[in-house]
Structure formats: C-alpha cells, structure tokens
Amino acid sequence: MTTRALGDAPQTAGGAPRRPSGSGLRTAARWLRPLGRALAVAAFVVVVTFLLIRAVPGDAVTTIAGPRASPETKAELREQLHLDRTMPEQFSAYVQDLGRADLGRSLVQQGRPVTTIVGETLTITLYLVFASIVISLVVGVALGLLAATRHGWPDVTVRAGLTVLLAVPPFFLGLILILVAGLNLAWLPAGGWPGTWPDNLEYLVLPSLALAGYLIPLVARTTRQAANDALAQPWAEASETRGLSRARIMFRHVLPNSLLPVVTLVGYNAGAMIAGAVVVEAVFGIPGIGQELVTAVNARDYPVIQGIALVSALLVVAANLAADLLVAAVDPRTTRA
Amino acid sequence: MTVALRTRLDRGRRRGASLWWGTGVLSAVVLLCVLAPLLSPHGPNEIVAVPFSAPSAEYPFGTDALGRDVFVRVWVGGRLDLVIAAIVVGVSLAVGTVVGIVSGATPRRWLDALLMRFVDALVAFPFVILVLALIVVVGRTRSFWFLPPGAPAIVIASLLVNWSIYARLARAETMSLRGSDHVAAGRMLGYPQSRIVGRHLLPGVVRITASYAVADVVIVVIATASLAFLGTGVQAPTAEWGSIMYEGRAVLGTSWWITTFPGLVLAVTGLAVTLIADALLKVER
C-alpha cells in the first residue's frame with residue numbers, strides 16, 4: 001500500500017470516517033437489523049408457499065391434481081400436504097417437514113424427493129446465473145466507465161445501445177443468438193446440455209449471454225451514474241489538479257467507489273436473474289429449475305412447484321441479505337430503517 | 001463542476017425528444033393493434049396460404065406452420081398483450097397505492113411491519129416462478145368473459161404478485177411525505193386524518209406509483225409473453241406475442257420470420273415504453 005497523500009480519495013465518496021463513532025450497541029444494530037429483517041421475510045416466504053394452495057376455495061386436492069386425477073394421486077397428495085388436519089396443525093406439520101429439509105415427494109417422477117430434484121436442477125440454473133453475472137459485471141462496468149469518461153458520441157452510443165438492450169426480453173435475445181451464432185454461423189451449440197465439465201462451458205456461452213442482456217444495461221447505467229458522481233466530488237478535481245494520470249484516477253479512485261452500488265445491484269436483482277434463467281433455459285433446452293418447473297406445471301406436480309418456489313425465494317432473501325450486509329460493512333453512514 | 005452541469009443541460013434537452021419518440025412509436029403500435037381487422041380481410045386463425053411462406057408483399061411477416069398470416073396474428077395478438085397489461089397494471093396501481101399509504105400512514109407500527117414483511121416476501125419470489133405456481137392453482141385453461149383460455153389465470157396470478165411493488169413504493173413515499181412541512185401544517189390546522197391522507201399524501205404518492213406504472217407495462221407484457229413462450233400462458237389457437245413465438249421456435253432455423261417478427265414488435269414496444277418511463281422519471285427527479 002502506498003501512503004495516502006493529501007487530496008487522495010477516501011474509500012467512500014464524500015469523505016466519511018471509516019469507523020462510526022457510535023456505541024457498540026449501534027454497531028451491533030447495524031448488523032442485526034438486516035439479519036432480523038431477512039429472517040422475518042424468510043418466515044413470510046414460508047407462510048406464502050403454505051398458503052398458495054390452501055387459500056383457494058374448494059377442495060385443494062382437486063384444485064391441484066385436476067378433476068381427472070386418479071384416487072391414488074389424490075390420496076397421496078392429501079396425505080403429503082396433511083390436508084386431513086386443521087389449518088394450524090397443517091402449518092406446524094409443514095414447518096416440521098421443512099425443518100427436516102423434507103419438501104415432499106414428486107407426484108409423477110416415481111416419488112423422488114423434491115429436495116433431490118430441486119438440488120440437481122438448481123445447481124445447473126446457478127451455473128447459468130453465475131456465468132451471466134460475471135459477463136454482466138465485466139461488460140457492464142467497462143461500458144459504464146466508457147460512457148462516464150468519454151463524453152460525446154461514445155456516451156450517447158453506449159446509452160442508446162443500453163436502452164435498446166433493456167427493451168429486448170432475454171428469451172427473444174436468446175432466439176436471435178441461436179439463429180445467428182448457433183444456426184447460421186454455427187460458432188456455438190444452439191442448445192442442449194451435455195452434463196459433463198468442461199463440455200458444459202461451450203453450451204453455457206449463448207444462454208448466459210442472453211441472460212446477461214438483462215443485467216448488462218443495469219450494471220452499466222449504475223456504473224456510469226456512480227462514476228459521474230465520483231468525478232463530480234471535490235477530491236476528483238483535486239487529484240486532477242495534482243497531476244495524477246487519468247488512468248490512475250479512474251482505476252484507483254473512481255472504480256472502487258462505483259463497485260459498491262454495482263455489487264449491491266446484482267444482489268438485489270437475484271430474483272429477476274433467476275426468473276430470467278427460467279425462461280432462458282426453456283429457449284436453450286437446459287435442464288435447470290426452469291425446465292423442471294414447466295414439466296411440473298404441465299404434469300400438475302404440485303410438490304415440485306411449491307419446492308422450487310420456496311427454495312428460489314429463500315435464495316433471493318439470502319442474496320438480498322448479503323447485499324444489505326455488504327452495504328453495512330462498507331458504508332457506516334447507511335443506517336437503513 | 002462543468003461536466004455535471006453539461007450533463008444536466010443535455011438531459012433537459014433530450015427528455016423532450018425521447019418522450020416524443022416513445023409516445024409516437026407506442027401510439028403506432030397501439031393503433032395497429034386496434035385497427036388489426038382493417039389491415040387484412042383475413043382473420044388471425046384463418047388459413048390463407050401455403051404453410052411456412054416467406055415474407056412477401058401480400059404477407060409481410062410470412063405464414064406459420066398452418067398457413068396463417070403472421071402479420072395479422074401479431075397485431076391481433078398485441079391487443080391481448082396490451083389488454084392483459086392494462087388490467088394488471090391498473091389494478092396493481094390502485095391496490096398497491098392504497099395498501100402502501102395505509103402501511104405508511106397508520107399509527108399502528110405492528111400493522112405496518114406485518115404488511116411490509118408480507119410485501120417483502122412476495123417481492124422475494126422470482127416473479128415468473130410464483131406466477132406459474134399460482135396459475136396452476138387458479139386453473140390454466142379457464143376462460144372468463146372476453147378473455148380467452150389461459151388469460152384469466154395470467155391476470156389473476158400476476159395481480160396477486162404485482163401489487164406488492166406498488167405498495168412498497170407508495171409506503172416509502174408516504175413515509176418521506178409524512179415529515180414534510182405541508183403535512184405538518186395540515187396536522188397543526190387540525191385536519192382529520194382522512195383529509196391529510198386524501199389531500200396531502202395521496203397526490204404525491206400517486207405521482208410516484210403512476211410513473212412506475214408506465215415502466216411496469218413493459219414488465220407485465222414481457223412476463224405474459226414469457227409465460228406463453230414456456231407453453232404455460234394463453235392457450236392455442238389464440239394469438240399472443242409469446243404464443244406465436246412458442247409455436248415458431250421449433251422451426252427457427254428454416255422459418256425465422258414466425259418468431260422474429262413478434263419478438264421485434266415486442267422489443268419495439270418495450271423500447272417505446274422505456275423511453276417514456278425514463279423521461280417521466282427524470283421529470284420526477
């Protein structure tokens with residue numbers, strides 16, 4: 001580390017001290033408040049998944065399994081969902097099952113445990129989400145910095161391109177990629193999933209690009225905004241006056257200041273990314289939770305649908321919590337109500 | 001700093017242009033959807049030519065696997081997409097704004113906490129996943145009044161989830177308005193709570209939620225098309241942007257026009273609405 005000279009940028013824009021001068025109690029509250037909130041939200045997520053079918057008037061089993069379901073299917077479903085008991089008993093049984101990581105059994109796939117099904121398919125979905133987050137961060141931050149530093153046509157072009165990209169739904173972008181890069185140019189496989197590494201990598205490129213089409217504009221816009229804000233700070237002008245090179249100002253001072261809003265943006269968009277992945281998987285025939293969900297919806301395999309909804313929502317709560325904690329760790333001034 | 005000032009001036013000049021472009025393009029799309037029956041003597045489900053005919057002067061978007069005119073299907077389908085979006089956004093806006101104001105203005109802290117954790121939980125679910133789960137519960141193939149089979153389930157399921165975002169926005173705005181001078185003045189003058197909510201809070205809150213509603217139209221249209229594209233939305237043979245694309249994706253390599261044209265129209269509509277929404281948000285700021 002070089003010693004910090006006068007006028008160099010502090011780690012956070014605005015020049016706040018690194019440590020808050022509050023009591024230990026206030027420091028603890030900064031960490032505990034997001035944690036408590038996340039736990040409360042997780043509890044409500046469980047309640048919502050519980051209520052999903054029970055809030056419907058009429059017989060829940062007929063609603064789920066359909067009027068033409070066999071008596072065996074109905075009986076199995078009734079037993080699995082504990083529908084023969086009172087509401088509070090049902091809820092307590094549901095929570096106890098969750099405590100044992102038991103999400104029930106699939107009604108169609110020879111009674112396979114839902115936990116296994118969700119675990120297998122979610123891993124594949126997370127590869128896709130992770131790959132497109134990496135792409136979005138690299139491309140989005142680069143575009144955002146370009147737009148912030150080069151005023152005039154680069155800024156205008158980048159911003160116009162981002163607005164267009166934002167309007168294209170990921171599944172349409174996926175279809176265009178298949179048509180152009182997959183079929184006409186035959187650069188990359190147009191879909192499918194071999195299931196073994198490193199073969200999967202090749203099959204991951206187009207889907208993750210399609211999904212990144214959603215996140216890149218958001219990352220780039222946030223980076224551009226944050227970089228512009230940072231450049232407008234007095235210390236940026238001071239650094240320029242001191243003769244620091246443009247590159248040093250950008251990479252040592254502006255970039256670190258822009259990363260926090262970008263990383264939290266990704267955390268807060270976890271839900272949208274998973275939802276986008278569901279659709280992109282359908283386009284490319286990737287066997288993740290999206291495909292599993294569509295199969296389950298068509299087969300009225302309710303325990304699988306419920307399991308996927310619950311696990312994906314809890315994942316989103318965790319991602320949001322991570323973003324909240326990151327904000328609390330980096331920027332002591334943010335005390336969220 | 002000069003850079004910041006210049007950006008601000010730029011913004012002011014360009015706001016008008018993007019608002020005009022957005023409104024113009026959106027009006028054109030809506031007009032084409034409304035006037036769809038006048039564009040061609042054929043109906044959306046009528047077989048007019050050889051299947052998989054490439055785009056030509058007579059059939060600008062080509063024909064699909066059954067020989068139906070994709071051009072007609074796209075504009076007739078757009079009607080349904082826009083109607084679904086209008087219902088979902090309109091009702092979410094009303095319900096969400098009311099719940100948000102109640103949550104933000106109530107003196108009962110527990111009610112506020114309860115409502116907001118429920119909202120947080122709904123927002124936590126990936127939208128498409130929760131809507132799919134609800135569609136199964138509501139009944140996928142049901143039709144209702146003028147809505148074709150599949151559409152009512154989408155409307156109901158989307159509504160059950162979508163109002164929560166408006167509630168969150170409305171609550172945040174209510175909380176910030178509560179501390180403002182004109183609300184304090186109203187309190188000091190002894191106005192009843194109903195008048196403060198109706199005359200001092202509601203107008204400011206609606207400004208925020210209504211500008212979000214514009215952007216939300218795109219989100220709902222894309223979600224509706226996505227559900228149909230998953231094969232779980234509006235049922236065949238009803239035309240809808242996502243369902244046309246779903247039917248065409250198996251022959252993407254040979255008959256690209258079936259999926260590409262509805263996708264392009266969807267993207268152009270999205271772009272127009274994004275331009276309007278961006279311009280409105282800048283006015284708000």
# chains A, B, ... in the order shown; residues from 1 in each chain; ligands from 1

call {"tool": "select_by_dssp", "arguments": {"residues": "segment 171-270 of chain B", "states": "helix (DSSP H, G or I)", "output": "ChimeraX atom specification"}}
result
/B:171-178,181-188,193-229,241-251,257-270

call {"tool": "interface_residues", "arguments": {"of": "chain B", "to": "chain A", "cutoff": "9 Å", "atoms": "only C-alpha atoms", "output": "JSON, numbers by chain"}}
result
{"B": [1, 2, 3, 4, 117, 118, 119, 120, 121, 122, 123, 124, 125, 126, 127, 128, 129, 130, 132, 133, 134, 135, 136, 137, 138, 139, 218, 222, 226, 227, 229, 230, 231, 232, 245, 249, 252, 253, 256, 259, 260, 263, 264, 266, 267, 268, 269, 270, 271, 272, 273, 274, 275]}

call {"tool": "residues_around", "arguments": {"residues": "Arg159 of chain A", "least_positions_apart": "5", "cutoff": "10 Å", "atoms": "only C-alpha atoms", "output": "list in words"}}
result
Leu143, Gly144, Ala147, Trp153, Pro154, Val164, Leu165, Pro217, Ala220, Arg221 and Arg224 of chain A

call {"tool": "write_last_selection", "arguments": {"atoms": "C-alpha atoms", "output": "compact mmCIF listing (two decimals), in the first residue's frame"}}
result
# COMPACT_ATOMS: atom_id res chain seq x y z
CA LEU A 143 -19.33 0.18 -20.80
CA GLY A 144 -20.35 2.30 -17.81
CA ALA A 147 -19.77 6.29 -21.06
CA TRP A 153 -20.58 10.10 -29.19
CA PRO A 154 -19.25 7.14 -27.10
CA VAL A 164 -32.40 -0.90 -26.71
CA LEU A 165 -30.89 -3.90 -24.89
CA PRO A 217 -27.77 -2.34 -19.03
CA ALA A 220 -23.62 -0.13 -16.98
CA ARG A 221 -26.16 2.55 -16.04
CA ARG A 224 -21.93 5.38 -15.25

call {"tool": "closest_residue", "arguments": {"among": "A:Leu145, A:Ala329, A:Val95, A:Val108", "to": "Ala28 of chain A", "atoms": "only C-alpha atoms"}}
result
A:Ala329

call {"tool": "closest_residue", "arguments": {"among": "A:Ala277, A:Val219, A:Leu209, A:Ala181", "to": "Thr125 of chain A", "atoms": "only C-alpha atoms"}}
result
A:Ala277

call {"tool": "atom_distance", "arguments": {"atom1": "atom CA of Gly243 of chain A", "atom2": "atom CA of Thr149 of chain A"}}
result
17.0 Å

call {"tool": "residues_around", "arguments": {"residues": "segment 184-199 of chain B", "least_positions_apart": "3", "cutoff": "12 Å", "atoms": "only C-alpha atoms", "output": "VMD selection string"}}
result
chain B and resid 97 to 98 100 to 107 174 to 175 177 to 181 202 to 206

call {"tool": "residues_around", "arguments": {"residues": "segment 73-81 of chain B", "least_positions_apart": "5", "cutoff": "6 Å", "atoms": "only C-alpha atoms", "output": "PyMOL selection string"}}
result
chain B and resi 33+36+44+221+239-241+262

call {"tool": "residues_around", "arguments": {"residues": "Thr222 of chain A", "least_positions_apart": "5", "cutoff": "12 Å", "atoms": "only C-alpha atoms", "output": "ChimeraX atom specification"}}
result
/A:137,140-145,147-148,159,162,215-217,227-229,255,257-266

call {"tool": "closest_residue", "arguments": {"among": "B:Val70, B:Ala151, B:Ser40, B:Trp163", "to": "Phe52 of chain B", "atoms": "only C-alpha atoms"}}
result
B:Val70

call {"tool": "residues_around", "arguments": {"residues": "Ala236 of chain A", "least_positions_apart": "2", "cutoff": "9 Å", "atoms": "only C-alpha atoms", "output": "number ranges by chain"}}
result
A: 7-9, 230-234, 238-241, 249, 253-254

call {"tool": "write_last_selection", "arguments": {"atoms": "all heavy atoms", "output": "JSON list (two decimals), in the first residue's frame"}}
result
[["chain", "number", "residue", "atom", "x", "y", "z"],
["A", 7, "GLY", "N", -5.47, 14.89, -0.41],
["A", 7, "GLY", "CA", -6.28, 15.05, -1.62],
["A", 7, "GLY", "C", -6.59, 13.74, -2.30],
["A", 7, "GLY", "O", -7.40, 13.70, -3.20],
["A", 8, "ASP", "N", -5.94, 12.64, -1.88],
["A", 8, "ASP", "CA", -6.31, 11.35, -2.43],
["A", 8, "ASP", "C", -7.71, 10.98, -1.98],
["A", 8, "ASP", "O", -8.19, 11.45, -0.95],
["A", 8, "ASP", "CB", -5.34, 10.27, -1.94],
["A", 8, "ASP", "CG", -4.50, 9.75, -3.09],
["A", 8, "ASP", "OD1", -4.60, 10.33, -4.18],
["A", 8, "ASP", "OD2", -3.75, 8.78, -2.88],
["A", 9, "ALA", "N", -8.36, 10.11, -2.75],
["A", 9, "ALA", "CA", -9.74, 9.78, -2.44],
["A", 9, "ALA", "C", -9.84, 8.92, -1.20],
["A", 9, "ALA", "O", -9.05, 8.00, -1.02],
["A", 9, "ALA", "CB", -10.36, 9.03, -3.60],
["A", 230, "ALA", "N", -18.79, 10.29, -8.65],
["A", 230, "ALA", "CA", -17.46, 10.32, -8.05],
["A", 230, "ALA", "C", -16.61, 11.41, -8.71],
["A", 230, "ALA", "O", -15.89, 12.14, -8.03],
["A", 230, "ALA", "CB", -16.79, 8.96, -8.20],
["A", 231, "LEU", "N", -16.72, 11.53, -10.02],
["A", 231, "LEU", "CA", -15.92, 12.53, -10.73],
["A", 231, "LEU", "C", -16.35, 13.94, -10.36],
["A", 231, "LEU", "O", -15.57, 14.88, -10.51],
["A", 231, "LEU", "CB", -16.06, 12.33, -12.25],
["A", 231, "LEU", "CG", -15.26, 11.18, -12.84],
["A", 231, "LEU", "CD1", -15.62, 10.97, -14.30],
["A", 231, "LEU", "CD2", -13.77, 11.44, -12.70],
["A", 232, "ALA", "N", -17.58, 14.11, -9.89],
["A", 232, "ALA", "CA", -18.06, 15.44, -9.53],
["A", 232, "ALA", "C", -17.61, 15.83, -8.11],
["A", 232, "ALA", "O", -17.84, 16.96, -7.69],
["A", 232, "ALA", "CB", -19.58, 15.48, -9.64],
["A", 233, "GLN", "N", -17.00, 14.88, -7.36],
["A", 233, "GLN", "CA", -16.56, 15.18, -6.00],
["A", 233, "GLN", "C", -15.33, 16.08, -6.03],
["A", 233, "GLN", "O", -14.54, 16.02, -6.98],
["A", 233, "GLN", "CB", -16.19, 13.89, -5.27],
["A", 233, "GLN", "CG", -17.34, 12.93, -5.08],
["A", 233, "GLN", "CD", -18.28, 13.37, -3.97],
["A", 233, "GLN", "OE1", -17.84, 14.06, -3.05],
["A", 233, "GLN", "NE2", -19.53, 13.00, -4.08],
["A", 234, "PRO", "N", -15.18, 16.89, -4.99],
["A", 234, "PRO", "CA", -14.01, 17.80, -4.96],
["A", 234, "PRO", "C", -12.68, 17.06, -5.06],
["A", 234, "PRO", "O", -11.76, 17.53, -5.71],
["A", 234, "PRO", "CB", -14.14, 18.50, -3.60],
["A", 234, "PRO", "CG", -15.56, 18.34, -3.21],
["A", 234, "PRO", "CD", -16.06, 17.10, -3.86],
["A", 238, "ALA", "N", -9.33, 17.67, -7.29],
["A", 238, "ALA", "CA", -8.04, 17.85, -6.61],
["A", 238, "ALA", "C", -7.00, 16.89, -7.20],
["A", 238, "ALA", "O", -5.86, 17.29, -7.46],
["A", 238, "ALA", "CB", -8.21, 17.59, -5.12],
["A", 239, "SER", "N", -7.41, 15.63, -7.44],
["A", 239, "SER", "CA", -6.46, 14.66, -7.99],
["A", 239, "SER", "C", -5.99, 15.10, -9.36],
["A", 239, "SER", "O", -4.82, 14.96, -9.71],
["A", 239, "SER", "CB", -7.11, 13.28, -8.10],
["A", 239, "SER", "OG", -7.75, 12.95, -6.90],
["A", 240, "GLU", "N", -6.95, 15.64, -10.13],
["A", 240, "GLU", "CA", -6.60, 16.07, -11.48],
["A", 240, "GLU", "C", -5.60, 17.24, -11.41],
["A", 240, "GLU", "O", -4.61, 17.27, -12.13],
["A", 240, "GLU", "CB", -7.87, 16.51, -12.21],
["A", 240, "GLU", "CG", -7.85, 16.22, -13.69],
["A", 240, "GLU", "CD", -9.25, 16.37, -14.29],
["A", 240, "GLU", "OE1", -10.25, 16.32, -13.52],
["A", 240, "GLU", "OE2", -9.35, 16.56, -15.50],
["A", 241, "THR", "N", -5.88, 18.17, -10.49],
["A", 241, "THR", "CA", -5.00, 19.32, -10.32],
["A", 241, "THR", "C", -3.61, 18.88, -9.90],
["A", 241, "THR", "O", -2.61, 19.47, -10.31],
["A", 241, "THR", "CB", -5.57, 20.26, -9.24],
["A", 241, "THR", "OG1", -6.98, 20.27, -9.36],
["A", 241, "THR", "CG2", -5.04, 21.65, -9.40],
["A", 249, "ILE", "N", -6.65, 7.96, -11.71],
["A", 249, "ILE", "CA", -7.87, 8.47, -11.09],
["A", 249, "ILE", "C", -9.01, 7.48, -11.31],
["A", 249, "ILE", "O", -9.75, 7.13, -10.38],
["A", 249, "ILE", "CB", -8.25, 9.85, -11.67],
["A", 249, "ILE", "CG1", -7.14, 10.86, -11.37],
["A", 249, "ILE", "CG2", -9.57, 10.32, -11.11],
["A", 249, "ILE", "CD1", -7.39, 12.21, -12.00],
["A", 253, "HIS", "N", -9.42, 5.36, -7.87],
["A", 253, "HIS", "CA", -10.37, 6.15, -7.08],
["A", 253, "HIS", "C", -11.81, 6.02, -7.54],
["A", 253, "HIS", "O", -12.70, 5.76, -6.74],
["A", 253, "HIS", "CB", -9.96, 7.62, -7.09],
["A", 253, "HIS", "CG", -8.58, 7.82, -6.60],
["A", 253, "HIS", "ND1", -8.10, 7.16, -5.50],
["A", 253, "HIS", "CD2", -7.56, 8.56, -7.07],
["A", 253, "HIS", "CE1", -6.84, 7.51, -5.29],
["A", 253, "HIS", "NE2", -6.48, 8.37, -6.25],
["A", 254, "VAL", "N", -12.05, 6.18, -8.84],
["A", 254, "VAL", "CA", -13.44, 6.18, -9.31],
["A", 254, "VAL", "C", -14.02, 4.76, -9.31],
["A", 254, "VAL", "O", -15.11, 4.53, -8.81],
["A", 254, "VAL", "CB", -13.53, 6.81, -10.72],
["A", 254, "VAL", "CG1", -14.94, 6.68, -11.26],
["A", 254, "VAL", "CG2", -13.13, 8.27, -10.65]]

call {"tool": "atom_distance", "arguments": {"atom1": "atom CA of Ser132 of chain A", "atom2": "atom CA of Leu201 of chain A"}}
result
12.2 Å

call {"tool": "decode", "arguments": {"residues": "segment 85-143 of chain A", "atoms": "C-alpha atoms", "output": "PDB file, in the first residue's frame"}}
result
ATOM      1  CA  ARG A  85     -55.964 -31.954   9.589  1.00  0.00           C
ATOM      2  CA  THR A  86     -56.897 -28.485  10.834  1.00  0.00           C
ATOM      3  CA  MET A  87     -55.148 -25.402   9.451  1.00  0.00           C
ATOM      4  CA  PRO A  88     -52.785 -24.775  12.432  1.00  0.00           C
ATOM      5  CA  GLU A  89     -51.892 -28.486  12.502  1.00  0.00           C
ATOM      6  CA  GLN A  90     -51.215 -28.374   8.771  1.00  0.00           C
ATOM      7  CA  PHE A  91     -48.912 -25.409   9.211  1.00  0.00           C
ATOM      8  CA  SER A  92     -46.993 -26.929  12.074  1.00  0.00           C
ATOM      9  CA  ALA A  93     -46.584 -30.175  10.116  1.00  0.00           C
ATOM     10  CA  TYR A  94     -45.388 -28.171   7.090  1.00  0.00           C
ATOM     11  CA  VAL A  95     -42.809 -26.312   9.165  1.00  0.00           C
ATOM     12  CA  GLN A  96     -41.631 -29.531  10.827  1.00  0.00           C
ATOM     13  CA  ASP A  97     -41.163 -31.119   7.406  1.00  0.00           C
ATOM     14  CA  LEU A  98     -39.132 -28.084   6.313  1.00  0.00           C
ATOM     15  CA  GLY A  99     -37.023 -28.412   9.456  1.00  0.00           C
ATOM     16  CA  ARG A 100     -36.080 -31.919   8.307  1.00  0.00           C
ATOM     17  CA  ALA A 101     -35.353 -30.497   4.812  1.00  0.00           C
ATOM     18  CA  ASP A 102     -38.305 -32.542   3.579  1.00  0.00           C
ATOM     19  CA  LEU A 103     -40.139 -30.819   0.749  1.00  0.00           C
ATOM     20  CA  GLY A 104     -42.313 -33.824  -0.032  1.00  0.00           C
ATOM     21  CA  ARG A 105     -42.183 -36.189  -2.966  1.00  0.00           C
ATOM     22  CA  SER A 106     -42.879 -35.715  -6.649  1.00  0.00           C
ATOM     23  CA  LEU A 107     -46.269 -37.000  -7.732  1.00  0.00           C
ATOM     24  CA  VAL A 108     -45.015 -38.168 -11.126  1.00  0.00           C
ATOM     25  CA  GLN A 109     -41.296 -38.937 -11.030  1.00  0.00           C
ATOM     26  CA  GLN A 110     -41.703 -42.241  -9.164  1.00  0.00           C
ATOM     27  CA  GLY A 111     -41.991 -40.392  -5.894  1.00  0.00           C
ATOM     28  CA  ARG A 112     -38.485 -38.903  -5.959  1.00  0.00           C
ATOM     29  CA  PRO A 113     -37.875 -36.483  -3.062  1.00  0.00           C
ATOM     30  CA  VAL A 114     -38.424 -32.858  -4.114  1.00  0.00           C
ATOM     31  CA  THR A 115     -35.221 -31.877  -2.292  1.00  0.00           C
ATOM     32  CA  THR A 116     -33.190 -34.070  -4.655  1.00  0.00           C
ATOM     33  CA  ILE A 117     -34.962 -32.752  -7.752  1.00  0.00           C
ATOM     34  CA  VAL A 118     -34.576 -29.102  -6.734  1.00  0.00           C
ATOM     35  CA  GLY A 119     -30.958 -29.656  -5.688  1.00  0.00           C
ATOM     36  CA  GLU A 120     -29.948 -31.196  -9.014  1.00  0.00           C
ATOM     37  CA  THR A 121     -31.721 -28.713 -11.256  1.00  0.00           C
ATOM     38  CA  LEU A 122     -30.940 -25.614  -9.191  1.00  0.00           C
ATOM     39  CA  THR A 123     -27.196 -26.308  -9.474  1.00  0.00           C
ATOM     40  CA  ILE A 124     -27.455 -26.066 -13.261  1.00  0.00           C
ATOM     41  CA  THR A 125     -29.533 -22.870 -13.046  1.00  0.00           C
ATOM     42  CA  LEU A 126     -26.973 -21.330 -10.710  1.00  0.00           C
ATOM     43  CA  TYR A 127     -24.153 -22.084 -13.192  1.00  0.00           C
ATOM     44  CA  LEU A 128     -26.154 -20.119 -15.755  1.00  0.00           C
ATOM     45  CA  VAL A 129     -26.917 -17.242 -13.378  1.00  0.00           C
ATOM     46  CA  PHE A 130     -23.330 -17.085 -12.138  1.00  0.00           C
ATOM     47  CA  ALA A 131     -21.867 -17.088 -15.649  1.00  0.00           C
ATOM     48  CA  SER A 132     -24.116 -14.265 -16.773  1.00  0.00           C
ATOM     49  CA  ILE A 133     -23.364 -12.220 -13.639  1.00  0.00           C
ATOM     50  CA  VAL A 134     -19.639 -12.494 -14.439  1.00  0.00           C
ATOM     51  CA  ILE A 135     -20.263 -11.452 -18.064  1.00  0.00           C
ATOM     52  CA  SER A 136     -22.538  -8.595 -16.970  1.00  0.00           C
ATOM     53  CA  LEU A 137     -20.012  -7.254 -14.456  1.00  0.00           C
ATOM     54  CA  VAL A 138     -17.122  -7.274 -16.928  1.00  0.00           C
ATOM     55  CA  VAL A 139     -19.058  -5.854 -19.889  1.00  0.00           C
ATOM     56  CA  GLY A 140     -21.350  -3.580 -17.865  1.00  0.00           C
ATOM     57  CA  VAL A 141     -18.618  -1.931 -15.783  1.00  0.00           C
ATOM     58  CA  ALA A 142     -16.454  -1.420 -18.885  1.00  0.00           C
ATOM     59  CA  LEU A 143     -19.332   0.182 -20.801  1.00  0.00           C
TER      60      LEU A 143
END
